[in-house]
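Next comes upload-v8.cif, with mmCIF, C-alpha atoms and all ligand atoms.
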data_upload
loop_
_atom_site.label_atom_id
_atom_site.label_comp_id
_atom_site.auth_asym_id
_atom_site.auth_seq_id
_atom_site.Cartn_x
_atom_site.Cartn_y
_atom_site.Cartn_z
CA MET A 426 52.06 63.75 -20.12
CA LYS A 427 48.96 63.09 -22.13
CA LYS A 428 45.83 64.44 -20.55
CA ASN A 429 43.19 61.75 -20.38
CA PHE A 430 40.13 63.61 -19.21
CA PRO A 431 37.35 62.50 -19.43
CA ASN A 432 38.66 58.91 -19.55
CA ILE A 433 40.18 59.59 -16.21
CA ARG A 434 37.99 61.23 -13.62
CA LEU A 435 39.78 61.13 -10.28
CA ARG A 436 36.67 62.20 -8.44
CA ARG A 437 35.00 58.86 -9.42
CA LEU A 438 36.83 57.22 -6.54
CA ARG A 439 35.77 59.85 -4.06
CA ASN A 440 32.06 60.05 -4.60
CA ASN A 441 30.80 57.77 -1.84
CA SER A 442 31.98 56.50 1.47
CA PRO A 443 32.33 52.73 0.70
CA ILE A 444 34.54 53.55 -2.30
CA ARG A 445 36.63 55.97 -0.27
CA ASN A 446 36.97 53.36 2.47
CA LEU A 447 38.03 50.70 -0.02
CA ILE A 448 40.78 52.68 -1.66
CA ARG A 449 42.10 54.37 1.50
CA GLU A 450 45.89 54.00 1.68
CA ASN A 451 46.48 54.35 5.41
CA ILE A 452 44.55 53.11 8.42
CA LEU A 453 44.99 54.39 11.94
CA SER A 454 44.50 51.88 14.75
CA PRO A 455 44.85 51.98 18.55
CA HIS A 456 47.81 49.65 17.95
CA ASP A 457 49.71 52.60 16.49
CA LEU A 458 49.34 54.75 19.57
CA ILE A 459 51.52 55.17 22.66
CA GLN A 460 50.33 57.21 25.64
CA PRO A 461 52.95 59.22 27.57
CA ILE A 462 52.33 59.13 31.34
CA PHE A 463 53.77 61.45 34.00
CA ILE A 464 54.42 59.76 37.34
CA ILE A 465 54.60 61.38 40.79
CA GLU A 466 55.17 60.13 44.34
CA GLY A 467 52.23 59.39 46.60
CA ASN A 468 49.00 57.49 46.77
CA ASN A 469 45.73 58.21 45.04
CA LYS A 470 47.18 61.46 43.75
CA THR A 471 46.66 63.40 40.54
CA GLU A 472 47.93 66.85 39.63
CA LYS A 473 46.90 69.11 36.81
CA ILE A 474 49.53 70.38 34.38
CA LYS A 475 48.87 74.00 33.58
CA SER A 476 49.99 74.01 29.97
CA MET A 477 48.55 70.58 29.14
CA PRO A 478 44.75 70.50 29.61
CA ASP A 479 43.32 67.06 30.59
CA ILE A 480 46.78 65.57 31.17
CA TYR A 481 47.64 64.75 34.77
CA ARG A 482 50.65 63.73 36.77
CA MET A 483 49.63 60.52 38.53
CA SER A 484 50.82 58.47 41.47
CA ILE A 485 51.70 54.89 40.56
CA ASP A 486 48.40 53.39 41.81
CA ILE A 487 46.33 55.79 39.71
CA ALA A 488 48.60 55.25 36.72
CA ILE A 489 47.98 51.51 36.95
CA LYS A 490 44.20 52.05 36.81
CA GLU A 491 44.66 54.32 33.82
CA ILE A 492 46.93 51.86 32.03
CA LYS A 493 44.35 49.10 32.44
CA ILE A 494 41.82 51.34 30.70
CA LEU A 495 44.31 52.11 27.92
CA LYS A 496 44.94 48.40 27.43
CA LYS A 497 41.17 47.76 27.11
CA LEU A 498 41.07 50.42 24.42
CA GLY A 499 43.68 48.50 22.43
CA ILE A 500 46.70 50.64 23.22
CA GLN A 501 49.89 48.58 23.25
CA GLY A 502 52.45 50.90 24.76
CA ILE A 503 52.93 53.57 27.40
CA ALA A 504 55.89 55.93 27.82
CA LEU A 505 56.76 56.76 31.43
CA PHE A 506 58.19 60.10 32.55
CA PRO A 507 58.89 60.75 36.22
CA CYS A 508 58.38 64.04 37.99
CA ILE A 509 61.08 63.87 40.65
CA GLU A 510 60.78 65.70 43.98
CA LYS A 511 63.24 68.50 44.40
CA LYS A 512 65.00 66.91 47.35
CA TYR A 513 66.16 64.01 45.14
CA LYS A 514 67.74 66.20 42.46
CA ASP A 515 71.49 66.83 42.36
CA ILE A 516 74.10 67.96 39.85
CA GLN A 517 74.92 64.42 38.70
CA GLY A 518 71.35 63.05 38.47
CA THR A 519 72.23 60.12 40.76
CA GLU A 520 68.59 59.47 41.63
CA SER A 521 68.17 58.28 38.04
CA PHE A 522 69.66 54.88 38.83
CA ASN A 523 68.32 54.44 42.36
CA GLN A 524 66.88 50.94 42.33
CA ASP A 525 64.11 52.20 44.60
CA GLY A 526 63.53 55.44 42.70
CA LEU A 527 60.12 56.53 41.44
CA MET A 528 60.65 55.29 37.90
CA GLN A 529 62.01 51.93 39.03
CA ARG A 530 59.08 51.38 41.40
CA ALA A 531 56.65 52.43 38.68
CA ILE A 532 58.09 49.95 36.18
CA ARG A 533 58.00 47.08 38.68
CA SER A 534 54.44 47.79 39.82
CA ILE A 535 53.03 48.26 36.33
CA LYS A 536 54.75 45.08 35.13
CA LYS A 537 53.18 43.18 38.00
CA SER A 538 49.69 44.62 37.61
CA VAL A 539 49.03 44.96 33.88
CA LYS A 540 49.58 42.17 31.40
CA ASP A 541 50.66 42.64 27.83
CA ILE A 542 51.41 46.29 27.48
CA ALA A 543 54.86 47.52 26.45
CA ILE A 544 56.45 49.81 29.02
CA ILE A 545 58.76 52.41 27.53
CA SER A 546 61.01 54.23 29.98
CA ASP A 547 62.65 57.57 29.33
CA VAL A 548 66.41 57.53 29.79
CA ALA A 549 67.83 61.02 30.34
CA LEU A 550 68.96 63.05 33.30
CA ASP A 551 66.82 66.19 33.06
CA PRO A 552 64.15 65.15 35.61
CA TYR A 553 66.96 64.32 38.07
CA THR A 554 69.38 67.24 37.75
CA VAL A 555 69.16 70.54 39.64
CA HIS A 556 70.06 72.36 36.41
CA GLY A 557 67.48 70.62 34.20
CA GLN A 558 70.00 69.60 31.55
CA ASP A 559 70.12 66.04 30.19
CA GLY A 560 73.79 65.65 31.02
CA ILE A 561 76.59 66.13 33.51
CA LEU A 562 78.05 69.65 33.48
CA GLY A 563 81.74 70.50 33.18
CA ALA A 564 83.59 73.42 34.74
CA ASN A 565 82.20 75.88 32.20
CA LYS A 566 78.70 74.46 32.31
CA GLU A 567 79.31 72.51 29.11
CA ILE A 568 77.61 69.12 28.82
CA LEU A 569 80.14 66.31 29.22
CA ASN A 570 79.29 63.58 26.72
CA ASP A 571 81.23 60.56 27.97
CA GLU A 572 80.66 61.21 31.67
CA THR A 573 76.94 61.51 30.96
CA ILE A 574 76.94 58.17 29.15
CA GLU A 575 78.25 56.43 32.26
CA VAL A 576 75.19 57.57 34.20
CA LEU A 577 72.81 56.75 31.33
CA VAL A 578 74.16 53.21 31.26
CA LYS A 579 73.48 52.78 34.98
CA GLN A 580 70.02 54.27 34.55
CA SER A 581 69.23 51.93 31.62
CA LEU A 582 70.43 48.88 33.49
CA SER A 583 68.34 49.77 36.51
CA HIS A 584 65.24 49.98 34.28
CA ALA A 585 66.10 46.68 32.60
CA GLU A 586 66.42 45.02 36.01
CA CYS A 587 62.88 46.19 36.81
CA GLY A 588 61.62 44.43 33.68
CA VAL A 589 61.04 47.37 31.34
CA ASP A 590 60.26 46.34 27.77
CA ILE A 591 61.79 49.28 25.94
CA ILE A 592 64.45 51.72 27.07
CA ALA A 593 64.16 55.10 25.36
CA PRO A 594 67.25 57.32 25.61
CA SER A 595 66.10 60.86 24.87
CA ASP A 596 69.32 62.66 25.79
CA MET A 597 71.15 62.93 22.42
CA MET A 598 74.66 62.18 23.71
CA ASP A 599 76.96 60.67 21.05
CA GLY A 600 77.62 56.96 21.46
CA ARG A 601 75.11 56.26 24.21
CA ILE A 602 73.23 53.58 22.26
CA LYS A 603 76.43 51.60 21.80
CA ALA A 604 77.32 51.83 25.49
CA ILE A 605 73.79 50.96 26.66
CA ARG A 606 73.52 48.02 24.26
CA LYS A 607 76.90 46.69 25.35
CA SER A 608 75.95 46.78 28.99
CA LEU A 609 72.54 45.18 28.35
CA GLU A 610 74.25 42.33 26.48
CA LYS A 611 76.86 41.91 29.19
CA ASN A 612 74.14 41.64 31.80
CA LYS A 613 72.09 39.20 29.72
CA PHE A 614 69.24 41.58 28.97
CA ILE A 615 69.32 40.50 25.37
CA ASP A 616 65.61 41.10 24.79
CA THR A 617 65.41 44.59 26.21
CA LYS A 618 64.63 46.84 23.29
CA ILE A 619 66.11 50.26 22.65
CA LEU A 620 63.96 53.02 21.19
CA SER A 621 66.38 55.77 20.37
CA TYR A 622 65.28 59.39 20.23
CA ALA A 623 67.59 59.50 17.23
CA ALA A 624 66.54 62.65 15.43
CA LYS A 625 65.58 64.90 18.28
CA TYR A 626 65.59 68.58 17.52
CA SER A 627 66.35 71.40 19.92
CA SER A 628 62.76 72.50 19.75
CA ASN A 629 60.69 75.14 21.45
CA PHE A 630 57.72 72.79 21.33
CA TYR A 631 58.90 70.95 24.50
CA GLY A 632 57.92 73.78 26.85
CA PRO A 633 54.79 72.21 28.41
CA PHE A 634 56.64 68.90 28.98
CA ARG A 635 59.37 70.68 30.91
CA ASP A 636 56.59 72.18 32.98
CA ALA A 637 55.13 68.68 33.53
CA VAL A 638 58.38 67.08 34.75
CA GLY A 639 59.37 70.16 36.68
CA SER A 640 62.60 70.98 34.82
CA VAL A 641 61.49 74.27 33.29
CA LYS A 642 62.55 76.54 36.13
CA ASN A 643 65.82 74.70 36.63
CA LEU A 644 66.73 75.07 32.98
CA GLY A 645 65.92 78.77 33.11
CA ALA A 646 66.99 80.73 30.07
CA LEU A 647 69.45 78.02 28.98
CA ASN A 648 68.75 75.68 26.09
CA LYS A 649 69.83 72.27 24.77
CA ASP A 650 71.42 73.45 21.51
CA THR A 651 74.79 71.74 22.08
CA TYR A 652 73.27 68.26 22.02
CA GLN A 653 69.79 68.38 20.45
CA MET A 654 69.72 69.06 16.71
CA ASP A 655 69.52 72.40 14.92
CA TYR A 656 66.04 72.67 13.43
CA ALA A 657 67.47 74.11 10.24
CA ASN A 658 69.11 70.77 9.41
CA LYS A 659 67.86 67.77 7.50
CA LYS A 660 70.94 65.78 6.44
CA ASP A 661 72.11 65.78 10.02
CA SER A 662 69.06 63.70 10.96
CA MET A 663 70.19 60.92 8.58
CA ARG A 664 73.61 60.80 10.23
CA GLU A 665 72.09 60.70 13.71
CA VAL A 666 69.64 57.94 12.88
CA GLU A 667 72.16 55.83 10.92
CA MET A 668 74.57 56.05 13.80
CA ASP A 669 72.00 54.92 16.38
CA ILE A 670 70.85 52.00 14.22
CA SER A 671 74.44 50.87 13.74
CA GLU A 672 75.01 51.06 17.50
CA GLY A 673 72.08 48.75 18.25
CA ALA A 674 68.84 50.74 18.37
CA ASP A 675 65.81 48.56 17.53
CA ILE A 676 63.42 51.43 16.89
CA ILE A 677 64.20 55.04 16.13
CA MET A 678 62.21 58.15 16.84
CA ILE A 679 61.69 61.50 15.19
CA LYS A 680 60.76 64.39 17.44
CA PRO A 681 58.84 66.74 17.39
CA GLY A 682 56.13 65.45 15.06
CA MET A 683 53.99 67.62 12.82
CA PRO A 684 56.59 70.30 12.03
CA TYR A 685 59.09 67.52 11.16
CA LEU A 686 57.11 65.26 8.80
CA ASP A 687 59.75 65.79 6.11
CA ILE A 688 62.35 64.22 8.39
CA LEU A 689 60.06 61.31 9.25
CA ARG A 690 59.36 60.55 5.59
CA ARG A 691 63.00 60.63 4.57
CA VAL A 692 64.26 58.54 7.47
CA LYS A 693 61.58 55.90 6.92
CA ASP A 694 62.15 55.74 3.15
CA GLU A 695 65.91 55.62 3.27
CA LEU A 696 66.71 53.63 6.41
CA LYS A 697 63.64 51.37 6.54
CA ALA A 698 63.89 50.85 10.28
CA PRO A 699 60.93 50.70 12.63
CA THR A 700 60.19 54.38 13.16
CA PHE A 701 58.19 56.20 15.81
CA VAL A 702 57.24 59.84 15.92
CA TYR A 703 56.45 62.01 18.95
CA GLN A 704 53.62 64.52 18.77
CA VAL A 705 55.12 66.57 21.57
CA SER A 706 53.67 68.61 24.39
CA GLY A 707 53.74 71.94 22.55
CA GLU A 708 51.85 70.45 19.62
CA TYR A 709 49.30 69.08 22.08
CA ALA A 710 48.95 72.45 23.84
CA MET A 711 48.56 74.25 20.52
CA HIS A 712 45.79 71.90 19.39
CA CYS A 713 43.99 72.20 22.75
CA ALA A 714 44.10 75.99 22.65
CA ALA A 715 42.38 75.99 19.28
CA PHE A 716 39.80 73.42 20.45
CA ASP A 717 38.99 75.44 23.57
CA ASN A 718 38.41 78.51 21.45
CA LYS A 719 36.24 76.49 19.07
CA TRP A 720 38.54 77.48 16.23
CA LEU A 721 39.10 73.86 15.24
CA ASN A 722 36.95 70.76 15.62
CA ARG A 723 38.53 68.56 18.29
CA GLU A 724 37.71 65.05 17.04
CA GLN A 725 38.33 65.76 13.38
CA ILE A 726 41.64 67.49 13.99
CA ILE A 727 42.93 64.75 16.31
CA MET A 728 42.25 62.15 13.63
CA GLU A 729 43.73 64.22 10.82
CA SER A 730 46.89 65.09 12.73
CA LEU A 731 47.51 61.45 13.71
CA MET A 732 46.80 60.17 10.21
CA ALA A 733 49.37 62.63 8.88
CA PHE A 734 52.01 60.72 10.84
CA LYS A 735 50.93 57.40 9.35
CA ARG A 736 50.95 58.88 5.86
CA ALA A 737 54.46 60.20 6.44
CA GLY A 738 55.66 56.71 7.39
CA ALA A 739 55.36 56.38 11.17
CA ASP A 740 54.99 52.88 12.59
CA GLY A 741 54.09 54.15 16.06
CA ILE A 742 52.97 57.51 17.42
CA LEU A 743 53.60 58.89 20.90
CA THR A 744 50.79 61.30 21.53
CA TYR A 745 48.98 62.84 24.48
CA PHE A 746 45.80 62.21 22.47
CA ALA A 747 46.37 58.42 22.44
CA LYS A 748 43.55 57.54 24.85
CA GLU A 749 41.05 59.90 23.25
CA ALA A 750 41.97 58.79 19.73
CA ALA A 751 41.61 55.13 20.70
CA GLN A 752 38.15 55.92 22.12
CA LEU A 753 37.21 57.68 18.89
CA LEU A 754 38.53 54.80 16.78
CA LYS A 755 36.49 52.30 18.80
CA GLY A 756 33.38 54.24 17.88
CA ILE A 757 34.06 53.87 14.16
CA ASP A 758 32.51 50.88 12.39
C1 LIG B 801 63.77 64.86 28.10
C2 LIG B 801 62.59 64.76 27.20
C3 LIG B 801 61.91 65.85 26.66
C4 LIG B 801 60.79 65.33 26.01
C5 LIG B 801 60.83 63.93 26.13
N1 LIG B 801 61.96 63.59 26.87
C6 LIG B 801 62.14 67.31 26.79
C7 LIG B 801 63.44 67.88 26.45
O1 LIG B 801 64.25 67.32 25.71
O2 LIG B 801 63.69 68.96 26.99
C8 LIG B 801 59.76 66.18 25.35
C9 LIG B 801 58.42 65.61 25.16
C10 LIG B 801 57.33 66.58 24.91
O3 LIG B 801 57.55 67.80 24.73
O4 LIG B 801 56.18 66.13 24.88
N2 LIG B 801 64.88 64.19 27.87
#
As structure tokens, please, write out the structure in this file.
Ligand code: PBG
Amino acid sequence: MKKNFPNIRLRRLRNNSPIRNLIRENILSPHDLIQPIFIIEGNNKTEKIKSMPDIYRMSIDIAIKEIKILKKLGIQGIALFPCIEKKYKDIQGTESFNQDGLMQRAIRSIKKSVKDIAIISDVALDPYTVHGQDGILGANKEILNDETIEVLVKQSLSHAECGVDIIAPSDMMDGRIKAIRKSLEKNKFIDTKILSYAAKYSSNFYGPFRDAVGSVKNLGALNKDTYQMDYANKKDSMREVEMDISEGADIIMIKPGMPYLDILRRVKDELKAPTFVYQVSGEYAMHCAAFDNKWLNREQIIMESLMAFKRAGADGILTYFAKEAAQLLKGID
């Protein structure tokens, strides 16, 4: 290619802030952000999470107050994760579809108390099983795909009945989107949306989350390699996402976030579906550790890491920094 210097000086468009603002390709807004929220039983209760500074498990009443603040900041969606008391856990995860369970009560109360915010509910069995796996176990402790789907369908339907806006299966069983969609249609929940954790890798970055929902000890030294994806694979993510879209997913998700931007970019470019990304608990913990040590600047790094998702093609970002980022964005004129 012909070199056109000095006709072309790329730095011309970088030399003052109005020019940089005018030519900027991506804009981050509170509308892009979704705050994950951990729910516990009780009243007026909050609990610290050791590996996630400034993130708390909250009883439903406190969560409602928090969600009202998030809404005022312009955030449009929250993702609910329950921390289930030990006495309700069993090998089949039956508490997951209890119509009076923690998640179901949370969805109903939030729906009643906060207007115009999308509630996203996690569909998976790991908070409800004594073994911490996302599925039903067979005789040799293998995860039984089709048996698990039956429970996931009941769980999804119970959330839909509570008025959830978006059901988010995060379990990675084959064929669960098709089964969930079929049952939603059959029961006339035609507007309930499905956000599929479609390309979800078997990642070591989920550690702090498992701590937060109390599944870490139950899972022990075992992992989720037989259902979550091998992090060495890229083509596999296309097959996973295509399959979930064809089965009726409205939105698909890539997870984790920052170490998987290549997957996000490819999925968005090739499949063109609404695509979310999850900046997961381990990424959050890693950032916080560097902030606490004053190795990285908190506000600047939060903005840069979230913008990286937009640049890579994300339409929505689940992040534990959602509230803080929305506050920072409000301060920008
Ligand atoms: C469980 C689930 C996980 C996360 C979201 N839903 C953990 C896992 O698969 O073990 C991880 C989120 C995070 O790390 O922030 N089905």
Which residues are near Lys493 (chain A)? Cut-off 9 Å, all atoms listed in the file, ignore same chain within fewer than 4 positions. Put them as an mmCIF file with C-alpha atoms, in the frame of the given file.
data_model
loop_
_atom_site.group_PDB
_atom_site.id
_atom_site.type_symbol
_atom_site.label_atom_id
_atom_site.label_comp_id
_atom_site.auth_asym_id
_atom_site.auth_seq_id
_atom_site.Cartn_x
_atom_site.Cartn_y
_atom_site.Cartn_z
ATOM 1 C CA ALA A 488 48.600 55.250 36.720
ATOM 2 C CA ILE A 489 47.980 51.510 36.950
ATOM 3 C CA LYS A 497 41.170 47.760 27.110
ATOM 4 C CA LEU A 498 41.070 50.420 24.420
ATOM 5 C CA SER A 538 49.690 44.620 37.610
ATOM 6 C CA VAL A 539 49.030 44.960 33.880
ATOM 7 C CA LYS A 540 49.580 42.170 31.400
#
**Study point:** Selection: 10 Å around Ile516 (chain A), all atoms listed in the file, excl. self and same-chain fewer than 3 positions, as JSON, numbers by chain
**Key:** {"A": [519, 550, 553, 554, 555, 556, 557, 558, 560, 561, 562]}
Point to revise | Atom pair CA of Ser476 (chain A) / CA of Pro681 (chain A): separation (Å) | key: 17.0 Å
Taking a cut-off of 10 Å and counting only C-alpha atoms and all ligand atoms, can you build a table that, for each residue of chain A near ligand LIG 801 (chain B), reports the nearest atom pair and how far apart they are in Å (one decimal), sorted by chain then residue number, as a tab-separated table?
residue	atom	partner	partner_atom	distance
A:Pro461	CA	B:LIG801	O4	8.1
A:Met477	CA	B:LIG801	O4	9.8
A:Ala504	CA	B:LIG801	C5	9.6
A:Leu505	CA	B:LIG801	N1	9.7
A:Phe506	CA	B:LIG801	N1	7.7
A:Ser546	CA	B:LIG801	N1	9.9
A:Asp547	CA	B:LIG801	N1	6.5
A:Val548	CA	B:LIG801	N2	7.1
A:Ala549	CA	B:LIG801	N2	5.0
A:Leu550	CA	B:LIG801	N2	6.9
A:Asp551	CA	B:LIG801	N2	5.9
A:Pro552	CA	B:LIG801	C1	7.5
A:Gly557	CA	B:LIG801	O2	8.3
A:Gln558	CA	B:LIG801	O2	7.8
A:Asp559	CA	B:LIG801	N2	6.0
A:Gly560	CA	B:LIG801	N2	9.6
A:Ala593	CA	B:LIG801	N1	8.9
A:Pro594	CA	B:LIG801	N2	7.6
A:Ser595	CA	B:LIG801	N2	4.6
A:Asp596	CA	B:LIG801	N2	5.1
A:Met597	CA	B:LIG801	N2	8.4
A:Tyr622	CA	B:LIG801	N1	8.5
A:Lys625	CA	B:LIG801	O1	7.9
A:Tyr626	CA	B:LIG801	O1	8.4
A:Ser627	CA	B:LIG801	O1	7.4
A:Ser628	CA	B:LIG801	O1	8.0
A:Asn629	CA	B:LIG801	O3	8.6
A:Phe630	CA	B:LIG801	O3	6.0
A:Tyr631	CA	B:LIG801	O3	3.4
A:Gly632	CA	B:LIG801	O3	6.4
A:Pro633	CA	B:LIG801	O3	6.4
A:Phe634	CA	B:LIG801	O3	4.5
A:Arg635	CA	B:LIG801	C6	6.0
A:Asp636	CA	B:LIG801	O3	9.4
A:Ala637	CA	B:LIG801	O4	9.1
A:Val638	CA	B:LIG801	C6	8.8
A:Ser640	CA	B:LIG801	O2	8.2
A:Val641	CA	B:LIG801	O2	8.5
A:Leu644	CA	B:LIG801	O2	9.1
A:Asn648	CA	B:LIG801	O2	8.5
A:Lys649	CA	B:LIG801	O2	7.3
A:Tyr652	CA	B:LIG801	O1	9.8
A:Gln653	CA	B:LIG801	O1	7.7
A:Lys680	CA	B:LIG801	C9	8.2
A:Pro681	CA	B:LIG801	O3	7.5
A:Gly682	CA	B:LIG801	O4	9.8
A:Tyr703	CA	B:LIG801	O4	7.2
A:Gln704	CA	B:LIG801	O4	6.8
A:Val705	CA	B:LIG801	O4	3.5
A:Ser706	CA	B:LIG801	O4	3.6
A:Gly707	CA	B:LIG801	O3	6.0
A:Glu708	CA	B:LIG801	O4	8.1
A:Tyr709	CA	B:LIG801	O4	8.0
A:Ala710	CA	B:LIG801	O4	9.7
A:Leu743	CA	B:LIG801	O4	8.7
A:Thr744	CA	B:LIG801	O4	8.0
A:Tyr745	CA	B:LIG801	O4	7.9
Review point. Pick from A:Asp740, A:Glu567, A:Glu520, A:Glu729: nearest to Leu647 (chain A), with only C-alpha atoms counted?
Key: A:Glu567
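The residue that comes closest to Asp457 (chain A), out of A:Phe716, A:Tyr513, A:Phe614, A:Phe701 and on the basis of only C-alpha atoms, is A:Phe701.
Taking CA of Leu620 (chain A) and CA of Lys490 (chain A) as endpoints, the distance between them is 25.2 Å.
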Revision key, fill the gap. From the list A:Gly600, A:Pro507, A:Gly499, A:Gly741, the nearest residue to Leu754 (chain A) using only C-alpha atoms is A:Gly499
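With CA of Glu695 (chain A) on one side and CA of Leu731 (chain A) on the other, the separation reads 21.9 Å.
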Review point. Near region 666-671 of chain A, counting only C-alpha atoms, which residues have an atom at most 7 Å away, once you skip same-chain residues fewer than 5 positions from it, shown as a list in words?
Key: Ile602, Ser621, Ala623, Ala624 and Ile677 of chain A
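Residue neighbourhood of Gly588 (chain A), excluding near-sequence residues (fewer than 6 positions): Gln529, Ile532, Arg533, Ile535, Lys536, Lys537, Ile544, Leu582, Phe614 and Thr617 of chain A, at 10 Å, using only C-alpha atoms.
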Exercise for review: Within 12 Å of Ser454 (chain A), counting all atoms listed in the file, which residues show up once you throw out same-chain ones fewer than 3 positions away? Write them as a VMD selection string, please.
Suggested key: chain A and resid 451 457 to 459 498 to 501 728 731 to 732 735 740 to 742 747 to 748 750 to 757
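Among A:Ala714, A:Ala646, A:Ile503, A:Met663, the residue with the shortest atom-to-atom distance to Asp590 (chain A), counting all atoms listed in the file, is A:Ile503.
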Check your understanding: Between A:Tyr685, A:Asn441, A:Ser534, A:Ala674, which has the minimum distance to Asn658 (chain A) (counting all atoms listed in the file)?
Key -> A:Tyr685
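Ranking A:Ile679, A:Ala733, A:Gly502, A:Phe746 by their shortest atom-to-atom distance to His456 (chain A), with only C-alpha atoms included, puts A:Gly502 first.
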